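Raw input-v6.pdb, PDB, C-alpha atoms:
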ATOM      1  CA  MET A   1      -4.512 -17.663 120.056
ATOM      2  CA  LYS A   2      -4.048 -21.361 120.707
ATOM      3  CA  ARG A   3      -6.371 -22.143 117.829
ATOM      4  CA  ILE A   4      -4.371 -19.850 115.533
ATOM      5  CA  LEU A   5      -1.071 -21.414 116.638
ATOM      6  CA  TRP A   6      -2.420 -24.907 116.052
ATOM      7  CA  LYS A   7      -3.618 -23.937 112.588
ATOM      8  CA  LYS A   8      -0.217 -22.443 111.838
ATOM      9  CA  PHE A   9       1.554 -25.524 113.126
ATOM     10  CA  ILE A  10      -0.679 -27.843 111.115
ATOM     11  CA  PHE A  11      -0.206 -25.702 107.995
ATOM     12  CA  GLU A  12       3.581 -25.714 108.378
ATOM     13  CA  PHE A  13       3.584 -29.438 109.089
ATOM     14  CA  LEU A  14       1.456 -30.146 106.033
ATOM     15  CA  SER A  15       3.664 -27.871 103.919
ATOM     16  CA  ILE A  16       6.805 -29.705 105.026
ATOM     17  CA  PHE A  17       5.107 -33.087 104.631
ATOM     18  CA  ILE A  18       3.927 -32.277 101.117
ATOM     19  CA  ALA A  19       7.366 -30.915 100.187
ATOM     20  CA  VAL A  20       9.085 -34.083 101.445
ATOM     21  CA  ILE A  21       6.592 -36.378  99.712
ATOM     22  CA  SER A  22       6.889 -34.369  96.487
ATOM     23  CA  ALA A  23      10.688 -34.519  96.612
ATOM     24  CA  PHE A  24      10.544 -38.252  97.267
ATOM     25  CA  ALA A  25       8.076 -38.752  94.416
ATOM     26  CA  LEU A  26      10.213 -36.668  92.070
ATOM     27  CA  SER A  27      13.320 -38.624  93.043
ATOM     28  CA  LYS A  28      11.446 -41.882  92.523
ATOM     29  CA  TRP A  29      10.196 -40.668  89.116
ATOM     30  CA  ASN A  30      13.722 -39.715  88.105
ATOM     31  CA  ASP A  31      15.022 -43.121  89.198
ATOM     32  CA  ASN A  32      12.259 -44.910  87.291
ATOM     33  CA  ARG A  33      12.911 -42.785  84.223
ATOM     34  CA  SER A  34      16.640 -43.498  84.464
ATOM     35  CA  ASP A  35      15.949 -47.242  84.837
ATOM     36  CA  HIS A  36      13.535 -47.092  81.928
ATOM     37  CA  LEU A  37      16.066 -45.358  79.671
ATOM     38  CA  SER A  38      18.813 -47.786  80.726
ATOM     39  CA  GLU A  39      16.578 -50.779  79.985
ATOM     40  CA  GLU A  40      15.607 -49.358  76.601
ATOM     41  CA  LYS A  41      19.237 -48.702  75.679
ATOM     42  CA  ILE A  42      20.326 -52.225  76.651
ATOM     43  CA  LEU A  43      17.428 -53.842  74.791
ATOM     44  CA  LYS A  44      18.359 -51.928  71.635
ATOM     45  CA  GLU A  45      21.994 -52.934  72.068
ATOM     46  CA  ILE A  46      21.017 -56.605  72.432
ATOM     47  CA  ARG A  47      18.729 -56.387  69.404
ATOM     48  CA  ASN A  48      21.498 -54.851  67.299
ATOM     49  CA  GLY A  49      23.902 -57.536  68.520
ATOM     50  CA  ILE A  50      21.450 -60.253  67.480
ATOM     51  CA  ASN A  51      21.292 -58.736  63.989
ATOM     52  CA  LEU A  52      25.090 -58.956  63.705
ATOM     53  CA  ASP A  53      25.201 -62.477  65.143
ATOM     54  CA  PHE A  54      22.486 -63.609  62.746
ATOM     55  CA  LYS A  55      24.515 -62.395  59.751
ATOM     56  CA  ASP A  56      27.596 -64.179  61.096
ATOM     57  CA  PHE A  57      25.657 -67.412  61.642
ATOM     58  CA  GLU A  58      24.147 -67.120  58.164
ATOM     59  CA  GLY A  59      27.669 -66.867  56.752
ATOM     60  CA  ASN A  60      28.724 -69.962  58.694
ATOM     61  CA  THR A  61      25.690 -71.972  57.572
ATOM     62  CA  PHE A  62      26.425 -71.000  53.965
ATOM     63  CA  GLY A  63      30.003 -72.186  54.492
ATOM     64  CA  HIS A  64      28.902 -75.535  55.929
ATOM     65  CA  ARG A  65      26.504 -76.074  53.019
ATOM     66  CA  LEU A  66      29.318 -75.317  50.594
ATOM     67  CA  SER A  67      31.492 -77.820  52.455
ATOM     68  CA  LEU A  68      28.720 -80.425  52.155
ATOM     69  CA  ARG A  69      28.671 -79.767  48.415
ATOM     70  CA  SER A  70      32.436 -80.347  48.377
ATOM     71  CA  ILE A  71      32.006 -83.646  50.222
ATOM     72  CA  GLN A  72      29.531 -84.812  47.584
ATOM     73  CA  LEU A  73      31.959 -83.919  44.782
ATOM     74  CA  PHE A  74      34.784 -85.877  46.400
ATOM     75  CA  LYS A  75      32.517 -88.831  47.126
ATOM     76  CA  ASP A  76      31.586 -88.822  43.435
ATOM     77  CA  LEU A  77      35.273 -88.692  42.605
ATOM     78  CA  VAL A  78      36.027 -91.737  44.752
ATOM     79  CA  ILE A  79      32.900 -93.789  43.996
ATOM     80  CA  ASN A  80      32.218 -92.936  40.346
ATOM     81  CA  GLN A  81      35.588 -91.551  39.237
ATOM     82  CA  LYS A  82      33.758 -88.347  38.304
ATOM     83  CA  THR A  83      36.084 -85.431  37.555
ATOM     84  CA  ILE A  84      35.782 -82.290  39.675
ATOM     85  CA  PRO A  85      35.601 -79.173  37.447
ATOM     86  CA  THR A  86      39.054 -77.600  37.059
ATOM     87  CA  ASP A  87      37.881 -74.109  37.947
ATOM     88  CA  SER A  88      36.557 -75.257  41.333
ATOM     89  CA  THR A  89      38.956 -78.039  42.381
ATOM     90  CA  SER A  90      41.086 -75.761  44.542
ATOM     91  CA  ILE A  91      38.222 -74.044  46.383
ATOM     92  CA  MET A  92      36.323 -77.312  46.835
ATOM     93  CA  TYR A  93      39.365 -79.007  48.329
ATOM     94  CA  THR A  94      39.877 -76.024  50.646
ATOM     95  CA  VAL A  95      36.302 -75.896  51.961
ATOM     96  CA  LEU A  96      36.300 -79.679  52.389
ATOM     97  CA  PHE A  97      38.273 -79.078  55.618
ATOM     98  CA  ARG A  98      37.276 -75.497  56.429
ATOM     99  CA  ASP A  99      36.168 -74.726  59.991
ATOM    100  CA  TYR A 100      33.812 -71.788  60.593
ATOM    101  CA  ALA A 101      34.374 -70.033  63.915
ATOM    102  CA  PRO A 102      31.460 -67.877  65.137
ATOM    103  CA  ILE A 103      32.037 -64.239  66.079
ATOM    104  CA  ILE A 104      29.400 -63.574  68.734
ATOM    105  CA  ASN A 105      28.618 -59.977  69.745
ATOM    106  CA  GLN A 106      28.350 -60.045  73.546
ATOM    107  CA  SER A 107      28.375 -56.276  74.190
ATOM    108  CA  GLY A 108      24.635 -55.928  74.875
ATOM    109  CA  TYR A 109      24.556 -58.919  77.203
ATOM    110  CA  GLU A 110      27.699 -57.723  79.011
ATOM    111  CA  SER A 111      26.078 -54.299  79.494
ATOM    112  CA  LEU A 112      23.032 -56.012  80.959
ATOM    113  CA  LYS A 113      25.117 -58.045  83.406
ATOM    114  CA  ALA A 114      27.088 -54.946  84.402
ATOM    115  CA  SER A 115      23.933 -52.952  85.152
ATOM    116  CA  GLY A 116      22.199 -55.916  86.777
ATOM    117  CA  LEU A 117      19.949 -58.516  85.177
ATOM    118  CA  LYS A 118      16.965 -56.950  86.954
ATOM    119  CA  THR A 119      17.348 -53.974  84.601
ATOM    120  CA  ILE A 120      15.036 -55.941  82.300
ATOM    121  CA  SER A 121      11.686 -55.554  84.039
ATOM    122  CA  ASN A 122       9.916 -58.236  81.991
ATOM    123  CA  ASP A 123      10.741 -61.512  83.753
ATOM    124  CA  SER A 124      10.047 -63.786  80.798
ATOM    125  CA  LEU A 125      12.072 -61.589  78.423
ATOM    126  CA  ARG A 126      14.971 -61.477  80.892
ATOM    127  CA  PHE A 127      14.960 -65.284  81.131
ATOM    128  CA  GLU A 128      14.811 -65.583  77.344
ATOM    129  CA  ILE A 129      17.845 -63.296  76.925
ATOM    130  CA  ILE A 130      19.820 -65.268  79.523
ATOM    131  CA  THR A 131      18.881 -68.545  77.823
ATOM    132  CA  VAL A 132      19.926 -67.417  74.330
ATOM    133  CA  TYR A 133      23.282 -66.007  75.474
ATOM    134  CA  GLY A 134      23.999 -68.459  78.262
ATOM    135  CA  PHE A 135      22.861 -71.662  76.575
ATOM    136  CA  TYR A 136      22.101 -71.532  72.842
ATOM    137  CA  TYR A 137      25.091 -69.402  71.837
ATOM    138  CA  LYS A 138      27.336 -71.747  73.803
ATOM    139  CA  ILE A 139      26.081 -74.685  71.731
ATOM    140  CA  ILE A 140      27.487 -73.057  68.589
ATOM    141  CA  ALA A 141      30.720 -71.973  70.268
ATOM    142  CA  LYS A 142      31.379 -75.457  71.619
ATOM    143  CA  LEU A 143      30.581 -77.196  68.333
ATOM    144  CA  GLU A 144      32.806 -74.897  66.297
ATOM    145  CA  GLU A 145      35.697 -74.300  68.681
ATOM    146  CA  GLU A 146      35.846 -76.710  71.604
ATOM    147  CA  ILE A 147      34.689 -80.223  70.686
ATOM    148  CA  ASP A 148      37.681 -82.018  69.166
ATOM    149  CA  GLU A 149      35.717 -84.492  67.050
ATOM    150  CA  MET A 150      34.117 -81.569  65.160
ATOM    151  CA  LYS A 151      37.430 -80.054  64.005
ATOM    152  CA  SER A 152      37.529 -80.841  60.306
ATOM    153  CA  TYR A 153      41.004 -79.610  59.404
ATOM    154  CA  ALA A 154      42.792 -80.997  62.455
ATOM    155  CA  ASN A 155      41.225 -84.437  62.142
ATOM    156  CA  TYR A 156      40.881 -85.080  58.426
ATOM    157  CA  TYR A 157      43.210 -82.958  56.297
ATOM    158  CA  ARG A 158      46.370 -85.017  56.752
ATOM    159  CA  PRO A 159      44.896 -88.539  56.339
ATOM    160  CA  ILE A 160      42.836 -87.532  53.293
ATOM    161  CA  ASN A 161      45.689 -85.559  51.751
ATOM    162  CA  ASP A 162      48.130 -88.436  52.275
ATOM    163  CA  ILE A 163      45.904 -90.622  50.092
ATOM    164  CA  LEU A 164      44.974 -88.067  47.434
ATOM    165  CA  TYR A 165      48.162 -86.052  46.848
ATOM    166  CA  PRO A 166      49.751 -88.526  44.370
ATOM    167  CA  ASN A 167      46.723 -87.859  42.122
ATOM    168  CA  MET A 168      46.864 -84.050  42.374
ATOM    169  CA  VAL A 169      47.841 -81.831  39.445
ATOM    170  CA  PHE A 170      49.422 -78.416  40.078
ATOM    171  CA  ASP A 171      50.108 -75.518  37.724
ATOM    172  CA  ASP A 172      53.405 -73.642  37.326
ATOM    173  CA  LYS A 173      52.551 -71.461  40.344
ATOM    174  CA  GLY A 174      51.933 -74.462  42.579
ATOM    175  CA  GLU A 175      48.154 -74.025  42.574
ATOM    176  CA  LEU A 176      45.989 -77.133  42.700
ATOM    177  CA  ILE A 177      44.068 -77.287  39.405
ATOM    178  CA  SER A 178      42.726 -80.832  39.217
ATOM    179  CA  ILE A 179      42.727 -84.364  40.555
ATOM    180  CA  LYS A 180      43.472 -87.111  38.046
ATOM    181  CA  VAL A 181      40.953 -89.806  37.288
ATOM    182  CA  PRO A 182      40.856 -92.683  37.548
ATOM    183  CA  LEU A 183      42.282 -92.372  41.023
ATOM    184  CA  GLU A 184      45.347 -94.461  41.716
ATOM    185  CA  ILE A 185      44.305 -95.755  45.123
ATOM    186  CA  THR A 186      43.827 -99.175  46.677
ATOM    187  CA  GLU A 187      40.476-100.584  47.703
ATOM    188  CA  ASN A 188      41.362-100.059  51.358
ATOM    189  CA  GLN A 189      42.258 -96.442  50.647
ATOM    190  CA  ARG A 190      38.959 -95.969  48.839
ATOM    191  CA  LYS A 191      37.051 -97.273  51.858
ATOM    192  CA  GLU A 192      39.169 -95.134  54.161
ATOM    193  CA  LEU A 193      38.346 -91.998  52.156
ATOM    194  CA  LEU A 194      34.644 -92.802  52.177
ATOM    195  CA  SER A 195      34.706 -93.293  55.938
ATOM    196  CA  TYR A 196      36.299 -89.844  56.347
ATOM    197  CA  PHE A 197      33.759 -88.226  54.025
ATOM    198  CA  TRP A 198      30.912 -89.918  55.882
ATOM    199  CA  ARG A 199      32.157 -88.520  59.181
ATOM    200  CA  LEU A 200      32.722 -85.028  57.751
ATOM    201  CA  GLU A 201      29.220 -85.057  56.307
ATOM    202  CA  SER A 202      27.637 -86.230  59.570
ATOM    203  CA  ASN A 203      29.448 -83.561  61.583
ATOM    204  CA  ARG A 204      28.529 -80.719  59.234
ATOM    205  CA  THR A 205      24.901 -81.825  58.983
ATOM    206  CA  TYR A 206      24.630 -81.890  62.770
ATOM    207  CA  ARG A 207      26.158 -78.419  63.074
ATOM    208  CA  LEU A 208      23.747 -77.052  60.473
ATOM    209  CA  GLN A 209      20.836 -78.441  62.479
ATOM    210  CA  ARG A 210      22.149 -76.723  65.608
ATOM    211  CA  TYR A 211      22.589 -73.447  63.723
ATOM    212  CA  GLU A 212      18.994 -73.557  62.500
ATOM    213  CA  LEU A 213      17.753 -74.203  66.046
ATOM    214  CA  VAL A 214      19.759 -71.313  67.495
ATOM    215  CA  LYS A 215      18.769 -68.933  64.683
ATOM    216  CA  SER A 216      15.102 -69.682  65.373
ATOM    217  CA  LYS A 217      15.645 -68.781  69.046
ATOM    218  CA  MET A 218      17.457 -65.580  68.033
ATOM    219  CA  THR A 219      14.618 -64.583  65.700
ATOM    220  CA  LEU A 220      12.040 -65.154  68.418
ATOM    221  CA  LEU A 221      14.065 -63.174  70.990
ATOM    222  CA  LYS A 222      14.458 -60.262  68.584
ATOM    223  CA  LYS A 223      10.690 -60.259  67.988
ATOM    224  CA  HIS A 224       9.993 -60.159  71.740
ATOM    225  CA  ILE A 225      12.536 -57.363  72.289
ATOM    226  CA  GLU A 226      10.963 -55.245  69.546
ATOM    227  CA  SER A 227       7.529 -55.855  71.057
ATOM    228  CA  GLU A 228       8.844 -54.779  74.480
ATOM    229  CA  LEU A 229      10.391 -51.612  73.017
ATOM    230  CA  LYS A 230       7.087 -50.653  71.386
ATOM    231  CA  ASN A 231       5.374 -50.867  74.760
ATOM    232  CA  LYS A 232       7.900 -48.606  76.477
TER     233      LYS A 232
END
Before we go any further, please render this structure as structure tokens.
Amino acid sequence: MKRILWKKFIFEFLSIFIAVISAFALSKWNDNRSDHLSEEKILKEIRNGINLDFKDFEGNTFGHRLSLRSIQLFKDLVINQKTIPTDSTSIMYTVLFRDYAPIINQSGYESLKASGLKTISNDSLRFEIITVYGFYYKIIAKLEEEIDEMKSYANYYRPINDILYPNMVFDDKGELISIKVPLEITENQRKELLSYFWRLESNRTYRLQRYELVKSKMTLLKKHIESELKNK
């Protein structure tokens, strides 16, 4: 009888033990699956955000290149008295001072921070995401929005316009259609204009270099995210 009772006790104990372990394992599996799905969702959201940011940055780099083209036209105007084509005078004068603010999509990164950075199980990928959003994106934001010396319109529109406006020709609607040549400016004004154009060109060239650096980091991050998603 004792042997039978012991066998029954051991059987019941093992049954309870196995049930508890199975429940724990199932709970752990569900948690892992939930974490896995959450990580996958956030990675896709970050990847999609990078695609949008890349298009925005491409638009800004195109704008800065167009502004550099405008600078060259106005330098030619001042140095060689070369006429700017009538059909592009207005747009070229506008983009000469245009600033290009980035519109960065932070939703994926904000979701990651809300769920906890450890949601990304790959340590190197997690660090790469933090670096792109926390460092490289801030380079662009600061250059375009925060650093005063980089603000083209605020710094250069008024002094350049004060020199050039006596030479401007407007149509009946008040639209700028051309700038007369030869320019009626003094030698000091000519040098002043060239100094402004030199600074505008230097600033835009530097920003373009920073954009290319950041875009390369974005491209690499997107590649690593897609590789991680394939392995999930």
### Message
With the PyMOL selection byres ((chain A and resi 87) around 12) as the selection, what would be picked from this file? Answer as a PyMOL selection string, please.
### Response
chain A and resi 83-86+88-93+175-179
Provide the atom CA of A:Ser67 to atom CA of A:Leu200 distance in Å, to one decimal place.
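That distance, rounded to one decimal, is 9.0 Å.
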Box for stretch 160-171 of chain A: with edges along x, y and z, all listed atoms inside and 4 Å added on each side, what are the centre and edge lengths in Å to one decimal, as JSON?
{"center_x": 46.5, "center_y": -83.1, "center_z": 45.5, "size_x": 15.3, "size_y": 23.1, "size_z": 23.6}
* To do: Could you list the residues chosen by the PyMOL selection byres ((chain A and resi 53-61) around 8) in this structure as a ChimeraX atom specification?
  => /A:49-52,62-65,100-105,208,211,215,218
Can you pull out every residue within 12 Å of stretch 223-231 of chain A, counting all atoms listed in the file, but drop anything in the same chain fewer than 6 positions away, and send it as a PDB file with C-alpha atoms, in the frame of the given file?
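Listed below is the output, part.pdb:
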ATOM      1  CA  HIS A  36      13.535 -47.092  81.928  1.00  0.00           C
ATOM      2  CA  LEU A  37      16.066 -45.358  79.671  1.00  0.00           C
ATOM      3  CA  GLU A  39      16.578 -50.779  79.985  1.00  0.00           C
ATOM      4  CA  GLU A  40      15.607 -49.358  76.601  1.00  0.00           C
ATOM      5  CA  LYS A  41      19.237 -48.702  75.679  1.00  0.00           C
ATOM      6  CA  ILE A  42      20.326 -52.225  76.651  1.00  0.00           C
ATOM      7  CA  LEU A  43      17.428 -53.842  74.791  1.00  0.00           C
ATOM      8  CA  LYS A  44      18.359 -51.928  71.635  1.00  0.00           C
ATOM      9  CA  GLU A  45      21.994 -52.934  72.068  1.00  0.00           C
ATOM     10  CA  ILE A  46      21.017 -56.605  72.432  1.00  0.00           C
ATOM     11  CA  ARG A  47      18.729 -56.387  69.404  1.00  0.00           C
ATOM     12  CA  ASN A  48      21.498 -54.851  67.299  1.00  0.00           C
ATOM     13  CA  GLY A  49      23.902 -57.536  68.520  1.00  0.00           C
ATOM     14  CA  ILE A  50      21.450 -60.253  67.480  1.00  0.00           C
ATOM     15  CA  ASN A  51      21.292 -58.736  63.989  1.00  0.00           C
ATOM     16  CA  ILE A 120      15.036 -55.941  82.300  1.00  0.00           C
ATOM     17  CA  SER A 121      11.686 -55.554  84.039  1.00  0.00           C
ATOM     18  CA  ASN A 122       9.916 -58.236  81.991  1.00  0.00           C
ATOM     19  CA  ASP A 123      10.741 -61.512  83.753  1.00  0.00           C
ATOM     20  CA  SER A 124      10.047 -63.786  80.798  1.00  0.00           C
ATOM     21  CA  LEU A 125      12.072 -61.589  78.423  1.00  0.00           C
ATOM     22  CA  ARG A 126      14.971 -61.477  80.892  1.00  0.00           C
ATOM     23  CA  PHE A 127      14.960 -65.284  81.131  1.00  0.00           C
ATOM     24  CA  GLU A 128      14.811 -65.583  77.344  1.00  0.00           C
ATOM     25  CA  ILE A 129      17.845 -63.296  76.925  1.00  0.00           C
ATOM     26  CA  SER A 216      15.102 -69.682  65.373  1.00  0.00           C
ATOM     27  CA  LYS A 217      15.645 -68.781  69.046  1.00  0.00           C
TER      28      LYS A 217
END
The distance between atom CA of A:Arg207 and atom CA of A:Leu68 is 11.4 Å
What separates atom CA of A:Thr219 and atom CA of A:Tyr133 is a distance of 13.1 Å
Checklist entry - Which of these, A:Ile71, A:Leu221, A:Val214, A:Leu117, has the shortest distance to A:Thr94 once you count only C-alpha atoms? => result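 Selected residue with least distance to A:Thr94: A:Ile71.
Look at A:Arg158: the protein and nucleic acid residues within 12 Å of it, using all atoms listed in the file and passing over chain neighbours fewer than 6 places away, are Phe97, Ser152, Leu164, Tyr165, Leu193 and Tyr196 of chain A.
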If you count all atoms listed in the file, the residue of A:Gly134, A:Glu149, A:Ile139, A:Ile79 closest to A:Gln106 turns out to be A:Gly134
Among A:Lys82, A:Gly116, A:Leu96, A:Val181, A:Arg69 is approached most closely, using only C-alpha atoms, by A:Leu96
- Shell of 7 Å around A:Asn167, all atoms listed in the file, local chain residues under 6 positions omitted, as a ChimeraX atom specification: /A:179-180,183-184
If you count all atoms listed in the file, the residue of A:Glu144, A:Tyr137, A:Thr131, A:Ala114 closest to A:Arg204 turns out to be A:Glu144
message: When you count only C-alpha atoms, which of these residues is closest to A:Ile185: A:Gln209, A:Ser111, A:Gln81, A:Asn203?
response: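 Of the candidates, the smallest distance to A:Ile185 is held by A:Gln81.
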_Given all atoms listed in the file as the counted atoms, nearest of A:Phe74, A:Pro182, A:Ile147, A:Gln189 to A:Asp162_ =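 Closest candidate: A:Gln189.
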